[in-house]
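K.L.:
Pasting protein.cif here (mmCIF, C-alpha atoms):
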```cif
data_final
loop_
_atom_site.label_atom_id
_atom_site.label_comp_id
_atom_site.auth_asym_id
_atom_site.auth_seq_id
_atom_site.Cartn_x
_atom_site.Cartn_y
_atom_site.Cartn_z
CA MET W 169 -51.20 27.57 10.07
CA PRO W 170 -53.38 24.55 9.16
CA ILE W 171 -53.32 23.32 5.58
CA PRO W 172 -56.65 23.74 3.75
CA PRO W 173 -58.32 20.30 3.29
CA ALA W 174 -58.39 20.67 -0.51
CA GLU W 175 -54.62 21.14 -0.63
CA LEU W 176 -54.07 18.01 1.46
CA PHE W 177 -54.93 16.01 -1.66
CA HIS W 178 -51.94 17.54 -3.45
CA ILE W 179 -49.62 16.50 -0.62
CA VAL W 180 -51.15 13.02 -0.64
CA ALA W 181 -50.66 12.72 -4.41
CA PHE W 182 -47.02 13.82 -4.12
CA LEU W 183 -46.23 11.41 -1.29
CA ILE W 184 -48.02 8.39 -2.77
CA ALA W 185 -46.21 8.81 -6.09
CA MET W 186 -42.86 9.17 -4.35
CA ILE W 187 -43.39 6.13 -2.09
CA VAL W 188 -44.54 3.92 -4.97
CA VAL W 189 -41.49 4.91 -7.04
CA TRP W 190 -39.14 4.34 -4.10
CA SER W 191 -40.50 0.85 -3.47
CA MET W 192 -40.95 -0.22 -7.09
CA THR W 193 -37.74 0.95 -8.78
CA PRO W 194 -35.41 -1.73 -7.29
CA LEU W 195 -37.82 -4.43 -8.52
CA ILE W 196 -37.89 -2.91 -12.01
CA ASN W 197 -34.10 -2.80 -11.97
CA GLN W 198 -33.87 -6.50 -11.12
CA ILE W 199 -36.36 -7.42 -13.85
CA GLY W 200 -34.45 -5.32 -16.38
CA LEU W 201 -31.14 -6.97 -15.51
CA LYS W 202 -32.62 -10.46 -15.80
CA THR W 203 -34.35 -9.78 -19.11
CA GLY W 204 -31.43 -7.87 -20.63
CA TYR W 205 -33.26 -4.62 -21.35
CA VAL W 206 -30.24 -2.43 -20.73
CA ASP W 207 -28.71 0.65 -22.29
CA LYS W 208 -25.18 -0.25 -23.39
CA PRO W 209 -22.32 2.28 -23.41
CA ASN W 210 -21.17 3.74 -26.71
CA GLY W 211 -19.11 6.66 -27.89
CA ARG W 212 -21.93 9.18 -27.48
CA LYS W 213 -23.50 8.11 -24.18
CA MET W 214 -21.92 9.09 -20.88
CA HIS W 215 -22.33 5.90 -18.82
CA GLU W 216 -19.60 3.25 -18.74
CA ARG W 217 -21.56 0.08 -17.92
CA PRO W 218 -24.87 -1.43 -19.06
CA MET W 219 -27.83 0.26 -17.31
CA VAL W 220 -31.44 -0.88 -17.11
CA ARG W 221 -33.55 1.58 -19.12
CA LEU W 222 -37.01 0.71 -17.76
CA GLY W 223 -37.12 3.10 -14.79
CA GLY W 224 -39.92 5.02 -16.46
CA VAL W 225 -42.22 2.14 -15.53
CA SER W 226 -41.93 3.07 -11.86
CA ILE W 227 -42.39 6.81 -12.53
CA PHE W 228 -45.48 6.07 -14.60
CA THR W 229 -46.90 3.61 -12.08
CA GLY W 230 -46.29 5.91 -9.12
CA THR W 231 -47.90 8.91 -10.82
CA ILE W 232 -50.97 7.04 -12.08
CA THR W 233 -51.42 5.22 -8.74
CA ALA W 234 -51.35 8.53 -6.90
CA LEU W 235 -53.97 10.03 -9.23
CA LEU W 236 -56.24 6.98 -8.92
CA VAL W 237 -56.03 7.03 -5.11
CA VAL W 238 -56.77 10.75 -4.93
CA TRP W 239 -59.63 10.33 -7.39
CA GLY W 240 -61.06 7.55 -5.20
CA LEU W 241 -60.82 9.81 -2.17
CA GLY W 242 -62.74 12.53 -3.96
CA GLY W 243 -59.77 14.81 -4.52
CA PHE W 244 -60.88 15.84 -7.99
CA GLY W 245 -64.30 16.82 -6.65
CA TRP W 246 -67.05 17.64 -9.08
CA LEU W 247 -65.74 18.79 -12.40
CA PRO W 248 -67.83 20.10 -15.30
CA PRO W 249 -67.74 17.84 -18.38
CA ASP W 250 -65.23 20.01 -20.26
CA LYS W 251 -62.79 19.93 -17.33
CA GLU W 252 -63.22 16.17 -16.95
CA TRP W 253 -62.26 15.68 -20.59
CA GLU W 254 -59.22 17.94 -20.18
CA ILE W 255 -57.98 15.92 -17.19
CA LEU W 256 -58.66 12.66 -19.04
CA GLY W 257 -56.91 14.02 -22.12
CA VAL W 258 -53.72 14.76 -20.21
CA THR W 259 -53.83 11.54 -18.18
CA LEU W 260 -54.69 9.14 -21.00
CA GLY W 261 -52.39 10.99 -23.38
CA GLY W 262 -49.60 10.49 -20.85
CA VAL W 263 -50.44 6.78 -20.72
CA CYS W 264 -50.19 6.54 -24.51
CA PHE W 265 -46.91 8.45 -24.65
CA PHE W 266 -45.51 6.18 -21.95
CA LEU W 267 -46.50 3.12 -23.98
CA ILE W 268 -44.86 4.59 -27.10
CA GLY W 269 -41.65 5.13 -25.17
CA LEU W 270 -41.82 1.71 -23.51
CA ALA W 271 -42.26 0.07 -26.92
CA ASP W 272 -39.18 1.95 -28.10
CA ASP W 273 -37.23 0.82 -25.02
CA LEU W 274 -38.20 -2.79 -25.72
CA PHE W 275 -38.24 -2.96 -29.51
CA ASN W 276 -36.28 0.10 -30.79
CA LEU W 277 -38.95 1.81 -32.91
CA SER W 278 -37.85 4.04 -35.77
CA PRO W 279 -37.91 7.83 -35.17
CA LEU W 280 -40.53 8.30 -37.91
CA SER W 281 -42.91 5.69 -36.50
CA ARG W 282 -42.63 7.23 -33.02
CA LEU W 283 -43.31 10.69 -34.41
CA ILE W 284 -46.38 9.54 -36.35
CA ILE W 285 -47.93 7.77 -33.35
CA GLN W 286 -47.14 10.71 -31.06
CA THR W 287 -48.83 13.07 -33.51
CA VAL W 288 -51.96 10.91 -33.57
CA VAL W 289 -52.13 10.78 -29.77
CA ALA W 290 -51.51 14.53 -29.41
CA SER W 291 -54.24 15.20 -31.99
CA ALA W 292 -56.65 13.04 -29.98
CA ALA W 293 -55.75 14.99 -26.82
CA TRP W 294 -56.51 18.20 -28.71
CA GLY W 295 -59.85 16.74 -29.72
CA VAL W 296 -60.95 16.27 -26.09
CA GLY W 297 -59.94 19.75 -24.96
CA VAL W 298 -56.18 19.81 -24.36
CA ARG W 299 -55.69 22.66 -26.79
CA ILE W 300 -53.98 26.01 -27.19
CA ASP W 301 -56.75 28.44 -28.15
CA PHE W 302 -54.89 31.73 -27.78
CA PHE W 303 -51.77 33.31 -29.18
CA SER W 304 -50.14 36.15 -27.26
CA ILE W 305 -48.55 39.27 -28.69
CA PRO W 306 -45.59 40.69 -26.74
CA PHE W 307 -46.68 43.91 -25.01
CA GLY W 308 -50.10 43.38 -26.60
CA GLY W 309 -53.09 41.17 -26.01
CA LEU W 310 -54.45 37.77 -26.90
CA ILE W 311 -55.57 36.57 -30.30
CA GLN W 312 -58.15 33.81 -30.58
CA ILE W 313 -56.89 31.31 -33.16
CA ASN W 314 -58.87 29.03 -35.46
CA ASP W 315 -59.09 25.27 -35.01
CA GLY W 316 -56.52 24.48 -37.69
CA LEU W 317 -53.81 26.65 -36.15
CA SER W 318 -54.84 25.52 -32.67
CA LEU W 319 -54.35 21.87 -33.65
CA LEU W 320 -50.97 22.58 -35.23
CA LEU W 321 -49.63 24.57 -32.26
CA THR W 322 -50.97 22.08 -29.73
CA VAL W 323 -49.46 19.06 -31.48
CA ILE W 324 -46.10 20.81 -31.87
CA TRP W 325 -46.16 21.74 -28.18
CA LEU W 326 -47.17 18.32 -26.83
CA VAL W 327 -44.99 16.24 -29.15
CA GLY W 328 -42.11 18.70 -29.00
CA MET W 329 -41.98 18.76 -25.20
CA ALA W 330 -42.12 14.97 -24.93
CA ASN W 331 -39.12 14.70 -27.23
CA ALA W 332 -37.31 17.65 -25.65
CA ILE W 333 -37.35 15.91 -22.26
CA ASN W 334 -36.16 12.71 -23.91
CA TRP W 335 -33.29 14.58 -25.55
CA ILE W 336 -32.01 16.11 -22.31
CA ASP W 337 -32.01 12.71 -20.62
CA GLY W 338 -28.30 12.32 -21.23
CA LEU W 339 -26.80 12.54 -17.74
CA ASP W 340 -27.63 10.79 -14.48
CA GLY W 341 -30.58 12.53 -12.84
CA LEU W 342 -30.80 15.36 -15.36
CA ALA W 343 -34.27 14.72 -16.81
CA ALA W 344 -35.79 13.43 -13.57
CA GLY W 345 -34.54 16.35 -11.50
CA GLY W 346 -35.35 18.94 -14.14
CA CYS W 347 -38.88 17.60 -14.60
CA GLY W 348 -39.34 17.39 -10.85
CA ILE W 349 -38.40 21.06 -10.46
CA SER W 350 -40.65 22.09 -13.35
CA ALA W 351 -43.53 20.03 -11.97
CA VAL W 352 -43.25 21.71 -8.56
CA VAL W 353 -43.33 25.12 -10.25
CA MET W 354 -46.35 24.02 -12.31
CA LEU W 355 -48.01 22.86 -9.07
CA VAL W 356 -47.59 26.28 -7.46
CA LEU W 357 -48.70 28.14 -10.57
CA THR W 358 -51.82 26.04 -11.17
CA LEU W 359 -52.86 26.32 -7.53
CA PHE W 360 -52.42 30.09 -7.71
CA MET W 361 -54.48 30.16 -10.92
CA ALA W 362 -57.26 28.21 -9.13
CA GLN W 363 -56.81 25.05 -11.21
CA PRO W 364 -56.63 22.37 -8.46
CA ALA W 365 -57.32 19.42 -10.78
CA ALA W 366 -54.38 20.28 -13.04
CA ALA W 367 -52.32 20.89 -9.90
CA LEU W 368 -53.03 17.33 -8.72
CA ILE W 369 -51.44 15.93 -11.88
CA ALA W 370 -48.43 18.21 -11.36
CA ALA W 371 -48.14 17.11 -7.71
CA ALA W 372 -48.21 13.41 -8.59
CA LEU W 373 -45.68 13.88 -11.38
CA ALA W 374 -43.39 15.88 -9.10
CA GLY W 375 -43.47 13.11 -6.49
CA GLY W 376 -42.72 10.45 -9.09
CA ALA W 377 -39.89 12.36 -10.74
CA LEU W 378 -38.16 13.47 -7.53
CA GLY W 379 -38.65 10.04 -5.97
CA PHE W 380 -36.86 8.47 -8.94
CA LEU W 381 -33.79 10.62 -8.18
CA ARG W 382 -33.03 8.32 -5.25
CA TYR W 383 -31.89 5.75 -7.82
CA ASN W 384 -31.11 7.96 -10.81
CA PHE W 385 -28.84 10.70 -9.45
CA ASN W 386 -25.13 10.31 -10.20
CA PRO W 387 -23.95 7.58 -9.97
CA ALA W 388 -27.23 6.24 -11.36
CA GLN W 389 -28.46 2.72 -10.67
CA ILE W 390 -31.14 2.80 -13.38
CA PHE W 391 -32.31 4.96 -16.32
CA MET W 392 -35.89 6.07 -16.99
CA GLY W 393 -35.70 5.28 -20.70
CA ASP W 394 -37.92 6.73 -23.40
CA GLY W 395 -41.05 5.61 -21.57
CA GLY W 396 -40.36 7.80 -18.56
CA ALA W 397 -39.11 10.76 -20.59
CA TYR W 398 -42.06 10.77 -23.01
CA PHE W 399 -44.53 10.39 -20.15
CA MET W 400 -43.11 13.26 -18.10
CA GLY W 401 -42.63 15.54 -21.11
CA PHE W 402 -46.19 15.09 -22.40
CA THR W 403 -47.71 15.40 -18.93
CA LEU W 404 -45.85 18.60 -18.13
CA ALA W 405 -46.86 20.08 -21.48
CA GLY W 406 -50.47 19.01 -20.97
CA VAL W 407 -50.67 20.49 -17.47
CA GLY W 408 -49.27 23.72 -18.88
CA VAL W 409 -52.08 23.83 -21.45
CA ILE W 410 -55.08 22.99 -19.25
CA GLY W 411 -53.78 24.66 -16.10
CA LEU W 412 -52.38 27.90 -17.49
CA VAL W 413 -52.99 28.55 -21.20
CA LYS W 414 -56.67 27.52 -21.10
CA ILE W 415 -57.52 30.07 -18.41
CA ALA W 416 -55.88 33.01 -20.18
CA ALA W 417 -59.23 34.44 -21.24
CA VAL W 418 -60.43 34.84 -17.64
CA THR W 419 -57.27 35.60 -15.67
CA THR W 420 -56.04 39.07 -14.86
CA VAL W 421 -52.61 38.22 -16.27
CA ALA W 422 -53.87 36.87 -19.58
CA VAL W 423 -50.79 37.30 -21.77
CA THR W 424 -48.52 36.15 -18.95
CA ALA W 425 -50.62 33.02 -18.39
CA VAL W 426 -50.12 31.96 -22.01
CA LEU W 427 -46.36 32.40 -21.76
CA LEU W 428 -45.86 30.74 -18.37
CA PRO W 429 -45.54 27.10 -19.59
CA PHE W 430 -42.96 28.16 -22.17
CA LEU W 431 -40.98 29.94 -19.46
CA VAL W 432 -41.16 27.05 -16.98
CA LEU W 433 -39.91 24.61 -19.65
CA ALA W 434 -37.51 27.05 -21.32
CA VAL W 435 -34.38 24.97 -20.70
CA PRO W 436 -35.42 21.87 -22.71
CA ILE W 437 -37.16 24.08 -25.30
CA VAL W 438 -34.07 26.20 -25.96
CA ASP W 439 -31.77 23.17 -25.89
CA MET W 440 -33.89 21.26 -28.40
CA SER W 441 -34.32 24.27 -30.68
CA ALA W 442 -30.59 25.03 -30.72
CA VAL W 443 -29.71 21.41 -31.48
CA ILE W 444 -32.23 21.16 -34.33
CA ILE W 445 -31.04 24.42 -35.90
CA SER W 446 -27.42 23.33 -35.57
CA ARG W 447 -28.09 19.96 -37.24
CA LEU W 448 -30.15 21.43 -40.06
CA SER W 449 -27.55 24.12 -40.73
CA GLN W 450 -25.04 21.35 -41.42
CA GLY W 451 -27.41 19.41 -43.64
CA LYS W 452 -28.05 16.67 -41.06
CA SER W 453 -31.30 15.12 -39.94
CA PRO W 454 -32.78 16.76 -36.82
CA PHE W 455 -33.14 13.25 -35.37
CA SER W 456 -29.47 12.29 -35.79
CA ALA W 457 -27.80 11.62 -32.46
CA ASP W 458 -24.76 13.72 -31.57
CA LYS W 459 -23.13 15.66 -28.73
CA ARG W 460 -24.58 19.12 -29.37
CA HIS W 461 -26.78 19.33 -26.28
CA LEU W 462 -26.07 21.76 -23.44
CA HIS W 463 -24.98 19.00 -21.06
CA HIS W 464 -22.54 17.64 -23.66
CA ARG W 465 -21.01 21.09 -24.15
CA LEU W 466 -20.60 21.61 -20.40
CA ILE W 467 -18.98 18.19 -19.98
CA ASN W 468 -16.64 18.93 -22.89
CA ALA W 469 -15.68 22.20 -21.18
CA GLY W 470 -14.23 20.17 -18.34
CA ILE W 471 -17.10 20.51 -15.86
CA SER W 472 -17.81 17.41 -13.78
CA HIS W 473 -20.87 15.25 -14.30
CA ARG W 474 -22.54 16.28 -11.03
CA LEU W 475 -21.73 19.96 -11.37
CA THR W 476 -23.15 19.99 -14.90
CA VAL W 477 -26.40 18.49 -13.63
CA LEU W 478 -26.54 20.91 -10.69
CA PHE W 479 -25.96 23.87 -13.01
CA ILE W 480 -28.86 22.82 -15.26
CA TYR W 481 -31.01 22.25 -12.16
CA SER W 482 -30.21 25.81 -11.08
CA LEU W 483 -31.02 27.13 -14.54
CA THR W 484 -34.34 25.25 -14.53
CA LEU W 485 -35.20 26.60 -11.08
CA TRP W 486 -34.27 30.12 -12.17
CA VAL W 487 -36.60 30.21 -15.20
CA GLY W 488 -39.30 28.61 -13.06
CA SER W 489 -38.91 31.30 -10.42
CA LEU W 490 -39.21 33.94 -13.12
CA ALA W 491 -42.56 32.37 -14.01
CA LEU W 492 -43.59 32.73 -10.36
CA GLY W 493 -42.62 36.38 -10.45
CA PHE W 494 -44.41 37.20 -13.70
CA SER W 495 -47.58 35.47 -12.46
CA ASN W 496 -47.75 37.93 -9.53
CA ILE W 497 -47.59 35.16 -6.93
CA PRO W 498 -46.84 36.65 -3.48
CA SER W 499 -43.08 36.58 -2.87
CA GLY W 500 -42.63 35.34 -6.45
CA TRP W 501 -39.93 37.90 -7.18
CA GLY W 502 -38.30 37.06 -3.85
CA PHE W 503 -37.94 33.45 -5.01
CA ALA W 504 -36.62 34.72 -8.34
CA THR W 505 -33.98 36.80 -6.56
CA GLY W 506 -32.88 33.86 -4.44
CA SER W 507 -32.69 31.51 -7.42
CA THR W 508 -30.68 34.14 -9.30
CA PHE W 509 -28.04 34.14 -6.57
CA LEU W 510 -28.05 30.33 -6.60
CA LEU W 511 -27.57 30.25 -10.38
CA VAL W 512 -24.75 32.79 -10.19
CA TYR W 513 -22.99 30.76 -7.48
CA VAL W 514 -23.32 27.41 -9.28
CA GLY W 515 -22.38 29.06 -12.58
CA TRP W 516 -19.28 30.55 -10.98
CA GLN W 517 -18.34 27.10 -9.63
CA ALA W 518 -18.76 25.60 -13.10
CA TRP W 519 -16.77 28.42 -14.74
CA SER W 520 -13.97 28.01 -12.20
CA LYS W 521 -13.73 24.28 -12.84
CA SER W 522 -13.66 24.76 -16.61
CA ARG W 523 -10.94 27.41 -16.30
CA LYS W 524 -8.79 25.05 -14.21
CA ILE W 525 -9.13 22.33 -16.81
#
```
Output the file's structure in the form of structure tokens.

P.N.:
Amino acid sequence: MPIPPAELFHIVAFLIAMIVVWSMTPLINQIGLKTGYVDKPNGRKMHERPMVRLGGVSIFTGTITALLVVWGLGGFGWLPPDKEWEILGVTLGGVCFFLIGLADDLFNLSPLSRLIIQTVVASAAWGVGVRIDFFSIPFGGLIQINDGLSLLLTVIWLVGMANAINWIDGLDGLAAGGCGISAVVMLVLTLFMAQPAAALIAAALAGGALGFLRYNFNPAQIFMGDGGAYFMGFTLAGVGVIGLVKIAAVTTVAVTAVLLPFLVLAVPIVDMSAVIISRLSQGKSPFSADKRHLHHRLINAGISHRLTVLFIYSLTLWVGSLALGFSNIPSGWGFATGSTFLLVYVGWQAWSKSRKI
């Protein structure tokens, strides 16, 4: 069956981003080695040799290049002013979050300074239309919220997701693969919800993230650094807002549409929340580095590096497939069933390895 012309742009965006990342990452790696911008091993980090931490530059460049090419080809079509501002808000916000992360990779910014700048950028994105306007009640309906609460929830969501992705970037390929899977799910959901412009951003991000796995999967040759993690986290969160939450008032699955981004990104959300609660309960700063994350716990249980990453991939795919099912996408529950079997199998493999240890 021929692919509709409009959807060809999404394939083009995915492929351009992937190709740019494939061709650019080795060059970034060489530059990082020569300039000494490397992540050195320590007692908390899992790698055993210095690794260049500027891989996010290639993810960012590939994604933005893909979007610019598709825009030049007319892939975004004619958008009403409010939709144009939403797309610009996500794209330019992603640029700013990348620059914040890159500055941290190069100059080691303090956690407080990063948080302040991120809050300012997220607030600006809210100002141009990237905003959560509804709050859902389980088994109920939607509540329109005022601007003050909307700003607060939106900033927490955008800033929180950017940092959540950065926090799970602790094993080779974990953040890149997890974000790639989530971006593909977002792509399918936004297309189904008739939000092709948001879907283009998801397609480009998916191509960039999955393309980076060629060099980042265990054993990794390069790390994405804070620049890549912040960029992908903010962009995923932004696509979730403009592609799913914003259309809740007009979709037939209103409450579900509001909850879908939270379900797609449930793994980093739950991991970050659990770590923060654990740190605060012991009187520690929520920003203090430790080994409380899910991937640390799995490694400590005796599960191998690769199997830990594959298990979290499976978990990410599973919650994403649940989002497909709840959105009433055709065969959505079929995908959910298949991913459930995959998660059970990988989980059994991980449990068996830990028992042997």

K.L.:
Could you produce a table of the residues of segment 172-282 of chain W lying within 10 Å of segment 343-357 of chain W, with the nearest pair of atoms per residue and their separation in Å rounded to one decimal, using all atoms listed in the file, ordered by chain and increasing residue number, as a tab-separated table?

P.N.:
```
residue	atom	partner	partner_atom	distance
W:His178	CA	W:Leu355	CA	8.7
W:Phe182	CA	W:Val352	CA	9.8
W:Gly224	CA	W:Ala344	CA	9.8
W:Ile227	CA	W:Ala344	CA	9.4
```

K.L.:
How would you write, as a PyMOL selection string, the residues chosen by the PyMOL selection byres ((chain W and resi 438-449) around 8) on this structure?

P.N.:
chain W and resi 332+335-336+434-437+450-454+456+460-462

K.L.:
Given the choices W:Gln517, W:Thr259, W:Thr508, W:Thr229, which gets closest to Trp190 of chain W if the distance is worked out from only C-alpha atoms?

P.N.:
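Selected residue with least distance to Trp190 of chain W: W:Thr229.
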
K.L.:
Suppose you want the space between atom CA of Ala365 of chain W and atom CA of Gly411 of chain W; what is it in Å?

P.N.:
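Separation of atom CA of Ala365 of chain W and atom CA of Gly411 of chain W: 8.3 Å.
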
K.L.:
Check what the PyMOL selection byres ((chain W and resi 327) around 12) selects in the file above and give those residues as a PyMOL selection string.

P.N.:
chain W and resi 261-262+264-265+268+282-291+293-294+319-326+328-334+397-406+437

K.L.:
If we count all atoms listed in the file and set the cut-off at 12 Å, which residues sit around Ser482 of chain W, ignoring sequence neighbours fewer than 4 positions away in its own chain? Please answer as a PyMOL selection string.

P.N.:
chain W and resi 342+345-346+349-350+435+475-478+486-489+504+506-516+518

K.L.:
Which residue out of W:Leu433, W:Arg382, W:Ser522, W:Trp501 has the minimum interatomic distance to Thr484 of chain W when all atoms listed in the file are used?

P.N.:
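Closest residue, counting all atoms listed in the file: W:Leu433.
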
K.L.:
The PyMOL selection byres ((chain W and resi 219) around 10) on the file shown: which residues, as a PyMOL selection string?

P.N.:
chain W and resi 197+200-201+204-209+215-218+220-222+388-393

K.L.:
Just to be explicit: take each residue in the selection above, keep C-alpha atoms, and write the result as an mmCIF file, in the coordinates of the input.

P.N.:
```cif
data_model
loop_
_atom_site.group_PDB
_atom_site.id
_atom_site.type_symbol
_atom_site.label_atom_id
_atom_site.label_comp_id
_atom_site.auth_asym_id
_atom_site.auth_seq_id
_atom_site.Cartn_x
_atom_site.Cartn_y
_atom_site.Cartn_z
ATOM 1 C CA ASN W 197 -34.100 -2.800 -11.970
ATOM 2 C CA GLY W 200 -34.450 -5.320 -16.380
ATOM 3 C CA LEU W 201 -31.140 -6.970 -15.510
ATOM 4 C CA GLY W 204 -31.430 -7.870 -20.630
ATOM 5 C CA TYR W 205 -33.260 -4.620 -21.350
ATOM 6 C CA VAL W 206 -30.240 -2.430 -20.730
ATOM 7 C CA ASP W 207 -28.710 0.650 -22.290
ATOM 8 C CA LYS W 208 -25.180 -0.250 -23.390
ATOM 9 C CA PRO W 209 -22.320 2.280 -23.410
ATOM 10 C CA HIS W 215 -22.330 5.900 -18.820
ATOM 11 C CA GLU W 216 -19.600 3.250 -18.740
ATOM 12 C CA ARG W 217 -21.560 0.080 -17.920
ATOM 13 C CA PRO W 218 -24.870 -1.430 -19.060
ATOM 14 C CA VAL W 220 -31.440 -0.880 -17.110
ATOM 15 C CA ARG W 221 -33.550 1.580 -19.120
ATOM 16 C CA LEU W 222 -37.010 0.710 -17.760
ATOM 17 C CA ALA W 388 -27.230 6.240 -11.360
ATOM 18 C CA GLN W 389 -28.460 2.720 -10.670
ATOM 19 C CA ILE W 390 -31.140 2.800 -13.380
ATOM 20 C CA PHE W 391 -32.310 4.960 -16.320
ATOM 21 C CA MET W 392 -35.890 6.070 -16.990
ATOM 22 C CA GLY W 393 -35.700 5.280 -20.700
#
```

K.L.:
Do you have the atom CA of Ser495 of chain W-atom CA of Leu256 of chain W distance handy?

P.N.:
26.2 Å

K.L.:
Point out the residue among W:Ile410, W:Leu235, W:Ile311, W:Leu492 with the least atom-to-atom distance to Asp250 of chain W, counting only C-alpha atoms.

P.N.:
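Of the candidates, the smallest distance to Asp250 of chain W is held by W:Ile410.
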
K.L.:
Between W:Ala185, W:Gly395, W:Gly379, W:Gly295, which has the minimum distance to Ala271 of chain W (counting all atoms listed in the file)?

P.N.:
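Answer, going by the shortest atom-to-atom distance: W:Gly395.
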
K.L.:
Which one of W:Lys414, W:Lys459, W:Lys251, W:His473 sits closest to Leu339 of chain W if you count all atoms listed in the file?

P.N.:
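Closest to Leu339 of chain W of all the choices is W:His473.
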
K.L.:
Compare W:Asp272, W:Glu175, W:Leu368, W:Leu310 by their minimum atom-to-atom distance to Ile232 of chain W, counting all atoms listed in the file, and give me the closest one.

P.N.:
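Comparing W:Asp272, W:Glu175, W:Leu368, W:Leu310 against Ile232 of chain W, the winner is W:Leu368.
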
K.L.:
To one decimal place, how far is atom CA of Ala181 of chain W from atom CA of Asp273 of chain W in Å?

P.N.:
27.3 Å
